[in-house]
file entry.csv (CSV, C-alpha atoms and all ligand atoms)
chain,number,residue,atom,x,y,z
A,1353,MET,CA,24.7,-9.4,-4.5
A,1354,THR,CA,21.2,-10.9,-4.3
A,1355,THR,CA,18.8,-9.2,-1.9
A,1356,ARG,CA,17.1,-11.3,0.8
A,1357,GLN,CA,13.4,-11.6,0.1
A,1358,VAL,CA,11.3,-10.8,3.2
A,1359,LEU,CA,8.0,-11.5,1.4
A,1360,GLU,CA,7.1,-13.9,-1.4
A,1361,LEU,CA,3.5,-14.2,-2.7
A,1362,SER,CA,2.9,-16.8,-5.3
A,1363,GLY,CA,-0.3,-17.3,-7.3
A,1364,ILE,CA,-2.5,-15.5,-4.7
A,1365,SER,CA,-6.2,-15.3,-5.5
A,1366,LYS,CA,-9.0,-14.0,-3.3
A,1367,VAL,CA,-12.7,-14.5,-4.0
A,1368,PHE,CA,-15.2,-13.0,-1.7
A,1369,ALA,CA,-18.5,-14.8,-1.5
A,1370,SER,CA,-20.5,-11.7,-2.2
A,1371,SER,CA,-19.8,-8.0,-2.9
A,1372,GLY,CA,-20.5,-7.1,0.7
A,1373,GLY,CA,-22.2,-3.9,1.6
A,1374,LEU,CA,-25.9,-3.2,2.0
A,1375,ARG,CA,-27.1,-5.9,-0.4
A,1376,SER,CA,-25.4,-8.7,1.5
A,1377,LEU,CA,-26.7,-7.3,4.8
A,1378,ILE,CA,-30.3,-7.5,3.7
A,1379,GLY,CA,-29.7,-11.0,2.5
A,1380,GLY,CA,-29.7,-10.2,-1.2
A,1381,GLY,CA,-26.5,-12.3,-1.8
A,1382,GLY,CA,-24.7,-10.9,-4.8
A,1383,ARG,CA,-22.1,-12.4,-7.2
A,1384,PRO,CA,-18.8,-13.6,-5.9
A,1385,VAL,CA,-16.1,-10.9,-6.2
A,1386,SER,CA,-12.7,-11.8,-7.5
A,1387,ALA,CA,-10.7,-9.3,-5.5
A,1388,LEU,CA,-7.2,-10.7,-6.4
A,1389,LYS,CA,-6.4,-12.9,-9.4
A,1390,ASP,CA,-3.2,-15.0,-9.6
A,1391,LEU,CA,-0.9,-12.4,-8.0
A,1392,SER,CA,2.7,-13.0,-7.4
A,1393,LEU,CA,5.3,-10.7,-6.0
A,1394,ALA,CA,8.5,-10.5,-4.0
A,1395,LEU,CA,9.7,-7.9,-1.6
A,1396,GLY,CA,13.3,-7.4,-0.8
A,1397,ALA,CA,14.8,-6.5,2.6
A,1398,GLY,CA,14.8,-2.7,3.0
A,1399,GLU,CA,12.8,-2.2,-0.2
A,1400,ILE,CA,9.8,0.2,-0.6
A,1401,LEU,CA,7.2,-1.2,-2.9
A,1402,GLY,CA,4.4,1.1,-4.1
A,1403,VAL,CA,1.0,-0.5,-4.8
A,1404,VAL,CA,-1.1,1.7,-7.0
A,1405,GLY,CA,-4.6,1.3,-8.5
A,1406,GLU,CA,-8.0,2.9,-8.4
A,1407,SER,CA,-10.6,2.1,-5.7
A,1408,GLY,CA,-11.7,-1.5,-5.8
A,1409,SER,CA,-8.5,-2.8,-7.5
A,1410,GLY,CA,-7.7,-5.1,-4.5
A,1411,LYS,CA,-5.0,-3.0,-2.8
A,1412,SER,CA,-6.4,-3.3,0.7
A,1413,THR,CA,-7.2,-7.0,0.2
A,1414,LEU,CA,-3.6,-7.5,-0.7
A,1415,GLY,CA,-2.5,-5.6,2.5
A,1416,ASN,CA,-4.9,-7.6,4.6
A,1417,ILE,CA,-3.6,-10.9,3.3
A,1418,ILE,CA,0.0,-9.9,4.0
A,1419,LEU,CA,-1.1,-8.9,7.5
A,1420,GLY,CA,-2.9,-12.2,8.0
A,1421,LEU,CA,-6.3,-10.6,8.4
A,1422,GLU,CA,-7.6,-12.3,5.3
A,1423,GLN,CA,-6.7,-15.8,4.0
A,1424,PRO,CA,-6.1,-16.2,0.3
A,1425,THR,CA,-8.5,-18.5,-1.6
A,1426,THR,CA,-5.5,-20.0,-3.4
A,1427,GLY,CA,-1.8,-19.4,-3.5
A,1428,THR,CA,1.1,-19.3,-1.0
A,1429,MET,CA,2.8,-16.6,1.1
A,1430,LEU,CA,6.2,-16.7,2.8
A,1431,VAL,CA,7.3,-14.1,5.3
A,1432,ASP,CA,11.1,-14.2,6.0
A,1433,GLY,CA,11.0,-17.5,4.1
A,1434,LYS,CA,8.4,-19.1,6.4
A,1435,ALA,CA,4.7,-19.9,5.8
A,1436,GLY,CA,2.2,-18.5,8.3
A,1437,GLN,CA,-0.4,-21.3,8.0
A,1438,GLY,CA,-0.7,-24.1,10.5
A,1439,LEU,CA,1.5,-22.5,13.2
A,1440,ARG,CA,0.9,-23.0,16.9
A,1441,ARG,CA,-0.3,-20.0,18.9
A,1442,GLY,CA,3.1,-18.9,20.2
A,1443,ASP,CA,4.7,-19.2,16.8
A,1444,ARG,CA,1.7,-17.5,15.2
A,1445,LEU,CA,2.2,-14.5,17.5
A,1446,ALA,CA,5.9,-14.3,16.6
A,1447,PHE,CA,4.9,-14.6,12.9
A,1448,ARG,CA,2.4,-11.7,13.2
A,1449,ARG,CA,5.0,-9.5,14.8
A,1450,ARG,CA,6.9,-9.5,11.5
A,1451,VAL,CA,4.3,-7.5,9.7
A,1452,GLN,CA,2.7,-4.3,11.0
A,1453,MET,CA,0.2,-1.9,9.6
A,1454,ILE,CA,-0.4,1.8,9.4
A,1455,PHE,CA,-4.0,2.6,8.4
A,1456,GLN,CA,-5.4,5.5,6.4
A,1457,ASP,CA,-7.4,7.0,9.2
A,1458,PRO,CA,-5.3,7.6,12.3
A,1459,SER,CA,-8.4,8.6,14.4
A,1460,GLY,CA,-10.1,5.3,13.7
A,1461,SER,CA,-7.0,3.2,14.5
A,1462,LEU,CA,-6.3,4.8,17.9
A,1463,ASN,CA,-8.4,4.0,21.0
A,1464,PRO,CA,-9.8,7.4,22.2
A,1465,ARG,CA,-9.8,6.3,25.8
A,1466,PHE,CA,-6.1,5.2,25.9
A,1467,THR,CA,-3.3,7.7,26.5
A,1468,ILE,CA,-0.8,7.9,23.7
A,1469,GLY,CA,1.8,6.2,25.9
A,1470,ARG,CA,-0.5,3.2,26.5
A,1471,THR,CA,-1.4,3.0,22.8
A,1472,VAL,CA,2.2,2.9,21.7
A,1473,GLU,CA,3.2,0.4,24.5
A,1474,GLU,CA,0.3,-1.9,23.9
A,1475,PRO,CA,1.9,-4.1,21.2
A,1476,LEU,CA,4.8,-4.9,23.6
A,1477,VAL,CA,2.2,-6.0,26.2
A,1478,ILE,CA,0.3,-8.1,23.7
A,1479,HIS,CA,3.5,-9.8,22.6
A,1480,GLY,CA,4.8,-10.2,26.2
A,1481,LEU,CA,8.0,-8.2,25.6
A,1482,GLY,CA,9.9,-6.5,28.4
A,1483,ASP,CA,9.0,-5.5,32.0
A,1484,ALA,CA,7.1,-2.3,32.8
A,1485,ALA,CA,10.3,-0.2,32.9
A,1486,GLU,CA,11.6,-1.6,29.7
A,1487,ARG,CA,8.3,-1.1,27.9
A,1488,ARG,CA,8.1,2.5,29.0
A,1489,ARG,CA,11.7,3.2,27.9
A,1490,ARG,CA,10.9,1.7,24.5
A,1491,MET,CA,7.6,3.6,24.2
A,1492,LEU,CA,9.3,6.9,24.9
A,1493,ALA,CA,12.1,6.1,22.4
A,1494,ALA,CA,9.4,5.3,19.8
A,1495,LEU,CA,7.7,8.6,20.3
A,1496,GLU,CA,11.0,10.4,20.0
A,1497,GLU,CA,11.7,8.6,16.8
A,1498,ALA,CA,8.3,9.6,15.5
A,1499,GLU,CA,9.4,13.2,16.3
A,1500,LEU,CA,6.7,13.6,19.0
A,1501,LYS,CA,8.8,15.6,21.5
A,1502,PRO,CA,9.0,15.9,24.4
A,1503,ALA,CA,8.0,12.3,24.5
A,1504,GLU,CA,7.0,12.3,28.2
A,1505,HIS,CA,4.6,15.1,27.4
A,1506,PHE,CA,2.9,13.3,24.4
A,1507,ALA,CA,2.7,10.0,26.4
A,1508,GLU,CA,0.3,11.6,28.8
A,1509,ARG,CA,-2.1,13.0,26.2
A,1510,PHE,CA,-5.1,11.5,24.5
A,1511,PRO,CA,-5.8,11.2,20.7
A,1512,HIS,CA,-8.3,14.0,20.6
A,1513,GLU,CA,-5.7,16.5,21.9
A,1514,LEU,CA,-3.5,15.9,18.9
A,1515,SER,CA,-3.6,17.0,15.3
A,1516,GLY,CA,-4.3,14.5,12.5
A,1517,GLY,CA,-0.6,14.5,11.5
A,1518,GLN,CA,0.5,13.9,15.1
A,1519,ARG,CA,-2.0,11.1,15.4
A,1520,GLN,CA,-0.6,9.4,12.4
A,1521,ARG,CA,2.9,9.7,13.9
A,1522,VAL,CA,1.5,7.9,17.0
A,1523,ALA,CA,0.2,5.1,14.7
A,1524,ILE,CA,3.6,4.9,13.1
A,1525,ALA,CA,5.4,4.7,16.5
A,1526,ARG,CA,3.0,1.9,17.5
A,1527,ALA,CA,3.7,0.0,14.3
A,1528,VAL,CA,7.5,0.2,14.4
A,1529,ILE,CA,7.9,-0.4,18.1
A,1530,LEU,CA,8.0,-4.2,17.4
A,1531,ARG,CA,10.7,-3.8,14.8
A,1532,PRO,CA,8.7,-5.7,12.1
A,1533,SER,CA,10.4,-6.9,8.9
A,1534,ILE,CA,7.5,-5.5,6.9
A,1535,LEU,CA,5.4,-2.4,7.3
A,1536,ILE,CA,2.2,-1.9,5.4
A,1537,ALA,CA,0.9,1.6,5.0
A,1538,ASP,CA,-2.5,1.7,3.4
A,1539,GLU,CA,-3.1,5.3,2.0
A,1540,PRO,CA,-1.2,6.7,5.1
A,1541,VAL,CA,-1.5,10.4,4.1
A,1542,SER,CA,-4.7,10.6,2.0
A,1543,MET,CA,-6.8,11.8,5.0
A,1544,LEU,CA,-4.2,14.3,6.2
A,1545,ASP,CA,-3.8,18.0,5.5
A,1546,VAL,CA,-1.6,18.6,2.4
A,1547,SER,CA,0.8,20.7,4.6
A,1548,VAL,CA,1.7,17.7,6.8
A,1549,ARG,CA,1.9,15.0,4.2
A,1550,ALA,CA,5.5,15.4,3.2
A,1551,GLY,CA,6.6,15.3,6.8
A,1552,ILE,CA,4.9,12.0,7.5
A,1553,LEU,CA,6.3,10.5,4.3
A,1554,ARG,CA,9.8,11.7,5.2
A,1555,LEU,CA,9.4,10.1,8.6
A,1556,LEU,CA,8.3,6.8,7.1
A,1557,ARG,CA,11.3,6.7,4.8
A,1558,LYS,CA,13.6,7.6,7.6
A,1559,LEU,CA,12.3,4.8,9.9
A,1560,VAL,CA,12.2,2.2,7.1
A,1561,SER,CA,15.8,2.8,6.1
A,1562,GLY,CA,17.0,3.3,9.7
A,1563,HIS,CA,15.7,0.0,10.8
A,1564,GLY,CA,16.2,-2.0,7.6
A,1565,MET,CA,12.4,-2.6,7.3
A,1566,SER,CA,10.6,-3.1,4.0
A,1567,LEU,CA,7.5,-1.0,3.2
A,1568,VAL,CA,4.4,-1.8,1.2
A,1569,PHE,CA,3.1,1.6,0.4
A,1570,ILE,CA,-0.5,1.5,-0.8
A,1571,THR,CA,-1.7,4.6,-2.6
A,1572,HIS,CA,-4.0,5.8,-5.4
A,1573,ASP,CA,-1.8,8.9,-5.7
A,1574,LEU,CA,0.8,8.3,-8.4
A,1575,SER,CA,2.6,11.6,-7.7
A,1576,LEU,CA,4.1,10.0,-4.6
A,1577,ILE,CA,5.6,6.9,-6.3
A,1578,GLY,CA,8.7,8.3,-8.0
A,1579,THR,CA,10.1,9.9,-4.8
A,1580,MET,CA,8.8,7.5,-2.2
A,1581,CYS,CA,9.3,4.0,-3.8
A,1582,ASP,CA,12.0,1.8,-5.1
A,1583,ARG,CA,9.6,-0.4,-7.1
A,1584,VAL,CA,5.9,-0.2,-8.0
A,1585,ILE,CA,3.1,-2.5,-9.0
A,1586,ILE,CA,0.1,-1.2,-10.8
A,1587,MET,CA,-3.1,-3.1,-10.1
A,1588,TYR,CA,-6.3,-3.2,-12.1
A,1589,ARG,CA,-9.3,-5.2,-10.8
A,1590,GLY,CA,-7.2,-7.6,-8.8
A,1591,CYS,CA,-4.4,-8.2,-11.4
A,1592,VAL,CA,-0.9,-6.7,-11.6
A,1593,VAL,CA,-0.8,-5.1,-15.0
A,1594,GLU,CA,2.6,-3.4,-14.8
A,1595,SER,CA,5.5,-3.5,-12.4
A,1596,GLY,CA,9.1,-2.4,-12.2
A,1597,GLU,CA,11.6,0.1,-10.9
A,1598,ALA,CA,9.4,3.0,-9.7
A,1599,LYS,CA,11.0,5.9,-11.7
A,1600,ALA,CA,11.2,3.8,-14.8
A,1601,VAL,CA,7.5,3.0,-14.7
A,1602,MET,CA,6.6,6.6,-14.0
A,1603,ARG,CA,8.8,7.9,-16.8
A,1604,ALA,CA,7.9,5.4,-19.4
A,1605,PRO,CA,4.6,3.6,-18.6
A,1606,ARG,CA,3.8,0.8,-21.0
A,1607,HIS,CA,0.4,-0.4,-20.0
A,1608,PRO,CA,-2.6,1.6,-21.3
A,1609,TYR,CA,-4.1,1.7,-17.8
A,1610,THR,CA,-0.9,3.1,-16.2
A,1611,ARG,CA,-0.8,5.7,-19.0
A,1612,GLN,CA,-4.4,6.7,-18.2
A,1613,LEU,CA,-3.6,7.0,-14.5
A,1614,ILE,CA,-0.5,9.1,-15.2
A,1615,ASP,CA,-2.3,11.3,-17.6
A,1616,ALA,CA,-4.9,12.1,-15.0
A,1617,VAL,CA,-2.4,13.4,-12.4
A,1618,PRO,CA,-2.6,17.2,-12.4
A,1619,VAL,CA,0.6,19.0,-13.3
A,1620,PRO,CA,1.5,22.5,-12.1
A,1621,ASP,CA,0.9,24.1,-15.5
A,1622,PRO,CA,-1.8,26.7,-16.0
A,1623,ASP,CA,-2.6,25.3,-19.4
A,1624,TRP,CA,-3.1,21.7,-18.2
A,1625,GLU,CA,-6.6,20.3,-18.5
A,1626,PRO,CA,-7.6,16.9,-17.2
A,1627,PRO,CA,-8.1,14.4,-20.0
A,1628,PRO,CA,-11.8,13.4,-20.5
A,1629,LEU,CA,-12.7,10.3,-18.5
A,1630,LEU,CA,-12.6,7.2,-20.7
A,1631,LEU,CA,-16.0,5.8,-19.7
A,1632,LYS,CA,-17.4,4.0,-22.7
A,1633,PRO,CA,-20.5,1.9,-22.5
A,1634,GLY,CA,-19.7,-1.4,-20.7
A,1635,SER,CA,-16.5,0.0,-19.3
A,1636,GLU,CA,-17.5,-0.9,-15.7
A,1637,GLU,CA,-17.6,-4.6,-16.7
A,1638,THR,CA,-14.8,-7.0,-15.6
A,1639,PRO,CA,-14.7,-9.7,-18.3
A,1640,GLU,CA,-14.2,-13.3,-17.0
A,1641,THR,CA,-12.0,-14.1,-20.0
A,1642,GLY,CA,-9.3,-12.1,-21.7
A,1643,CYS,CA,-7.8,-8.8,-20.5
A,1644,ARG,CA,-9.7,-7.3,-17.6
A,1645,PHE,CA,-9.0,-3.8,-18.9
A,1646,ALA,CA,-10.3,-4.5,-22.5
A,1647,PRO,CA,-13.7,-2.7,-22.0
A,1648,ARG,CA,-11.8,0.5,-21.2
A,1649,CYS,CA,-8.9,0.1,-23.6
A,1650,ASP,CA,-8.5,2.1,-26.8
A,1651,LEU,CA,-6.0,-0.4,-28.1
A,1652,ALA,CA,-8.1,-3.5,-27.6
A,1653,PHE,CA,-8.1,-6.0,-30.5
A,1654,ALA,CA,-9.3,-9.5,-31.0
A,1655,PRO,CA,-6.6,-11.4,-28.9
A,1656,CYS,CA,-7.3,-9.2,-25.9
A,1657,ARG,CA,-10.8,-10.7,-25.5
A,1658,ALA,CA,-9.6,-14.3,-26.1
A,1659,SER,CA,-7.0,-14.7,-23.4
A,1660,MET,CA,-5.4,-12.9,-20.5
A,1661,PRO,CA,-2.0,-11.3,-21.3
A,1662,ALA,CA,0.8,-12.6,-19.0
A,1663,LEU,CA,3.0,-10.2,-17.0
A,1664,ARG,CA,6.2,-10.3,-19.0
A,1665,PRO,CA,9.4,-8.7,-17.7
A,1666,ASP,CA,12.0,-7.1,-20.0
A,1667,PRO,CA,15.7,-7.7,-19.1
A,1668,ALA,CA,15.6,-4.6,-16.7
A,1669,GLY,CA,12.7,-6.1,-14.8
A,1670,HIS,CA,10.0,-3.8,-16.1
A,1671,ALA,CA,7.0,-6.1,-16.6
A,1672,VAL,CA,3.8,-5.4,-18.5
A,1673,ALA,CA,0.6,-7.5,-19.0
A,1674,CYS,CA,-0.5,-6.2,-22.4
A,1675,PHE,CA,-0.5,-7.7,-25.9
A,1676,HIS,CA,0.3,-4.2,-27.2
A,1677,ALA,CA,3.1,-3.5,-24.7
A,1678,GLU,CA,5.6,-2.9,-27.5
A,1679,THR,CA,3.5,-0.2,-29.1
A,1680,ALA,CA,2.1,1.3,-25.9
A,1681,GLY,CA,5.2,3.4,-24.9
A,1682,THR,CA,4.9,7.0,-23.6
A,1683,ALA,CA,2.9,9.3,-25.8
A,1684,GLY,CA,2.4,13.0,-25.6
A,1685,ARG,CA,4.6,15.5,-23.8
A,1686,PRO,CA,6.9,14.4,-20.9
A,1687,ARG,CA,5.4,15.1,-17.5
A,1688,PRO,CA,7.3,16.4,-14.5
A,1689,ILE,CA,5.8,13.6,-12.3
A,1690,ASP,CA,9.0,13.0,-10.3
A,1691,ASP,CA,9.1,16.7,-9.3
A,1692,MET,CA,5.6,16.9,-8.0
A,1693,MET,CA,6.4,16.1,-4.4
A,1694,ASP,CA,9.9,16.8,-3.6
A,1695,LEU,CA,10.5,15.0,-0.3
A,1696,GLN,CA,14.0,16.6,0.1
A,1697,ARG,CA,12.5,20.1,0.6
B,1701,LIG,N1,-14.9,-8.3,3.0
B,1701,LIG,C1,-15.3,-8.2,1.7
B,1701,LIG,N2,-16.4,-8.8,1.3
B,1701,LIG,C2,-16.8,-8.7,0.0
B,1701,LIG,N3,-16.2,-8.0,-0.9
B,1701,LIG,C3,-15.1,-7.4,-0.6
B,1701,LIG,C4,-14.6,-7.4,0.8
B,1701,LIG,N4,-13.4,-6.7,0.8
B,1701,LIG,C5,-13.2,-6.2,-0.4
B,1701,LIG,N5,-14.2,-6.6,-1.3
B,1701,LIG,C6,-14.3,-6.3,-2.7
B,1701,LIG,O1,-13.1,-6.7,-3.3
B,1701,LIG,C7,-12.7,-5.7,-4.3
B,1701,LIG,C8,-11.3,-5.1,-3.9
B,1701,LIG,O2,-11.5,-4.3,-2.7
B,1701,LIG,P1,-10.3,-3.6,-2.0
B,1701,LIG,O3,-9.2,-4.6,-1.7
B,1701,LIG,O4,-10.9,-2.9,-0.8
B,1701,LIG,O5,-9.8,-2.5,-3.1
B,1701,LIG,P2,-9.0,-1.1,-2.9
B,1701,LIG,O6,-8.3,-1.2,-1.6
B,1701,LIG,O7,-8.1,-1.1,-4.0
B,1701,LIG,O8,-10.0,-0.1,-3.0
B,1701,LIG,C9,-13.8,-4.7,-4.3
B,1701,LIG,O9,-14.7,-5.1,-5.4
B,1701,LIG,C10,-14.5,-4.9,-3.0
B,1701,LIG,O10,-15.9,-4.5,-3.1
B,1702,LIG,S1,-4.1,-6.5,-23.6
B,1702,LIG,FE1,-5.3,-5.5,-25.1
B,1702,LIG,S2,-7.1,-4.7,-23.9
B,1702,LIG,FE2,-5.5,-5.3,-22.4
B,1702,LIG,S3,-4.5,-3.4,-22.0
B,1702,LIG,FE3,-3.4,-4.4,-23.7
B,1702,LIG,S4,-4.2,-3.7,-25.6
B,1702,LIG,FE4,-5.6,-3.1,-23.9
B,1703,MG,MG,-8.4,0.3,0.0

call {"tool": "encode", "arguments": {"input": "entry.csv", "output": "structure tokens", "more": "lines below"}}
Ligand SMILES: Nc1ncnc2c1ncn2[C@@H]1O[C@H](COP(=O)(O)OP(=O)(O)O)[C@@H](O)[C@H]1O
Ligand code: SF4
Ligand SMILES: [Mg+2]
result
Amino acid sequence: MTTRQVLELSGISKVFASSGGLRSLIGGGGRPVSALKDLSLALGAGEILGVVGESGSGKSTLGNIILGLEQPTTGTMLVDGKAGQGLRRGDRLAFRRRVQMIFQDPSGSLNPRFTIGRTVEEPLVIHGLGDAAERRRRMLAALEEAELKPAEHFAERFPHELSGGQRQRVAIARAVILRPSILIADEPVSMLDVSVRAGILRLLRKLVSGHGMSLVFITHDLSLIGTMCDRVIIMYRGCVVESGEAKAVMRAPRHPYTRQLIDAVPVPDPDWEPPPLLLKPGSEETPETGCRFAPRCDLAFAPCRASMPALRPDPAGHAVACFHAETAGTAGRPRPIDDMMDLQR
């Protein structure tokens, strides 16, 4: 049986005119930034796709393009088989309903002057769905689903009266009340206390599978991938360097960058020491030609600087963009990365 694709990105690139920040504010310009480079991916119905990479690798830009907040410089995007460009206002609103976002910082994404009830109900108002009684019923049901009980009690409260974890549950209720096809969660637990993270991730998984939604789960934390995601893409400076079934990639990473990332995840072993950072002279560069990872790669050889390695899948769908992929299998001792965050507990 073939899975229905809810999202298809093809050849997406995004170039920002300048690197933003202080320099552009004071008129200093700056070089164009290639935030995404020729990125293609497909997301199946009900699938959870992890998007991993260090800061600046283009994860949020990818999320913003899927959400429609940014336009790609080149490339095409289909959501539920349809393109979002050139739609009339009504159709555009319906298109936007299909993709909803959960941000990293729940405090920043909730209006401090709105009650929780108004916040969760607001998307229904914006999209003109239901009368007042229907909207209230759906709002209370969404709070219940997000395990904020009793819902009537939470609906009357304000964001500052809630804990960080409860605020993120409100943001989740607000995002799923429209029953989108695709949910994007950009680092949804990284600003929360460790003690509440597992509960939020469990809730996300429950809602995604309960409503048949697909989830794009953006994180820099590899320890969450094996238990949370079906598939994963590893991004480096705007390019997908490795992708495949999440557990397979975590157990047997093939790209040197993925291996560096996995080696840097702490393991619960008193003898474990973090590997030294591989920061060679010039390692901050992003070469215009050849493999973008070459300045940081121990395995780099002449072909790596001449052309960009293509992302090549094996028959099982595990794809790697590296000229050395055949020799870059797992090295060193096996790591219990799948056990690091047991969501079943
Ligand atoms: N609005 C913007 N203007 C200019 N540069 C940007 C903008 N947004 C992101 N960038 C740049 O694009 C690159 C990717 O950023 P981002 O998508 O935020 O990465 P990540 O979420 O992985 O940290 C970075 O170099 C960042 O500085
Ligand atoms: S293509 Fe070359 S430089 Fe790039 S990751 Fe592979 S071995 Fe390293
Ligand atoms: Mg980001």

call {"tool": "closest_residue", "arguments": {"input": "entry.csv", "among": "A:Gly1436, A:Pro1540, A:Gly1469, A:Gly1564", "to": "Phe1455 in chain A", "atoms": "all atoms listed in the file"}}
result
A:Pro1540

call {"tool": "residues_near_ligand", "arguments": {"input": "entry.csv", "ligand": "ligand LIG 1702 (chain B)", "cutoff": "9 Å", "atoms": "all atoms listed in the file", "output": "NGL selection string"}}
result
:A and (1593 or 1607-1609 or 1642-1657 or 1659-1661 or 1672-1677 or 1680)

call {"tool": "residues_near_ligand", "arguments": {"input": "entry.csv", "ligand": "ligand LIG 1701 (chain B)", "cutoff": "8 Å", "atoms": "only C-alpha atoms and all ligand atoms", "output": "VMD selection string"}}
result
chain A and resid 1367 to 1373 1384 to 1388 1405 to 1415 1589 to 1590

call {"tool": "closest_residue", "arguments": {"input": "entry.csv", "among": "A:Leu1576, A:Ala1598, A:Ile1570, A:Ile1524", "to": "ligand MG 1703 (chain B)", "atoms": "all atoms listed in the file"}}
result
A:Ile1570

call {"tool": "atom_distance", "arguments": {"input": "entry.csv", "atom1": "CA of Leu1613 in chain A", "atom2": "CA of Asp1582 in chain A"}}
result
18.9 Å

call {"tool": "closest_residue", "arguments": {"input": "entry.csv", "among": "A:Thr1571, A:Ser1461, A:Ser1533, A:Thr1355", "to": "ligand MG 1703 (chain B)", "atoms": "all atoms listed in the file"}}
result
A:Thr1571

call {"tool": "atom_distance", "arguments": {"input": "entry.csv", "atom1": "CA of Ala1527 in chain A", "atom2": "CA of Lys1366 in chain A"}}
result
25.8 Å

call {"tool": "atom_distance", "arguments": {"input": "entry.csv", "atom1": "CA of Ala1394 in chain A", "atom2": "CA of Pro1665 in chain A"}}
result
13.8 Å

call {"tool": "closest_residue", "arguments": {"input": "entry.csv", "among": "A:Gly1551, A:Gly1433, A:Gly1516, A:Pro1458", "to": "Arg1356 in chain A", "atoms": "only C-alpha atoms"}}
result
A:Gly1433

call {"tool": "closest_residue", "arguments": {"input": "entry.csv", "among": "A:Val1403, A:Ile1534, A:Leu1391, A:Ile1529", "to": "ligand MG 1703 (chain B)", "atoms": "only C-alpha atoms and all ligand atoms"}}
result
A:Val1403

call {"tool": "residues_around", "arguments": {"input": "entry.csv", "residues": "range 1519-1522 of chain A", "least_positions_apart": "4", "cutoff": "8 Å", "atoms": "all atoms listed in the file", "output": "list of chain:residue names"}}
result
A:Asp1457, A:Pro1458, A:Ser1459, A:Ile1468, A:Val1472, A:Leu1495, A:Ala1498, A:Glu1499, A:Leu1500, A:Pro1511, A:Leu1514, A:Ser1515, A:Arg1526, A:Pro1540, A:Ile1552
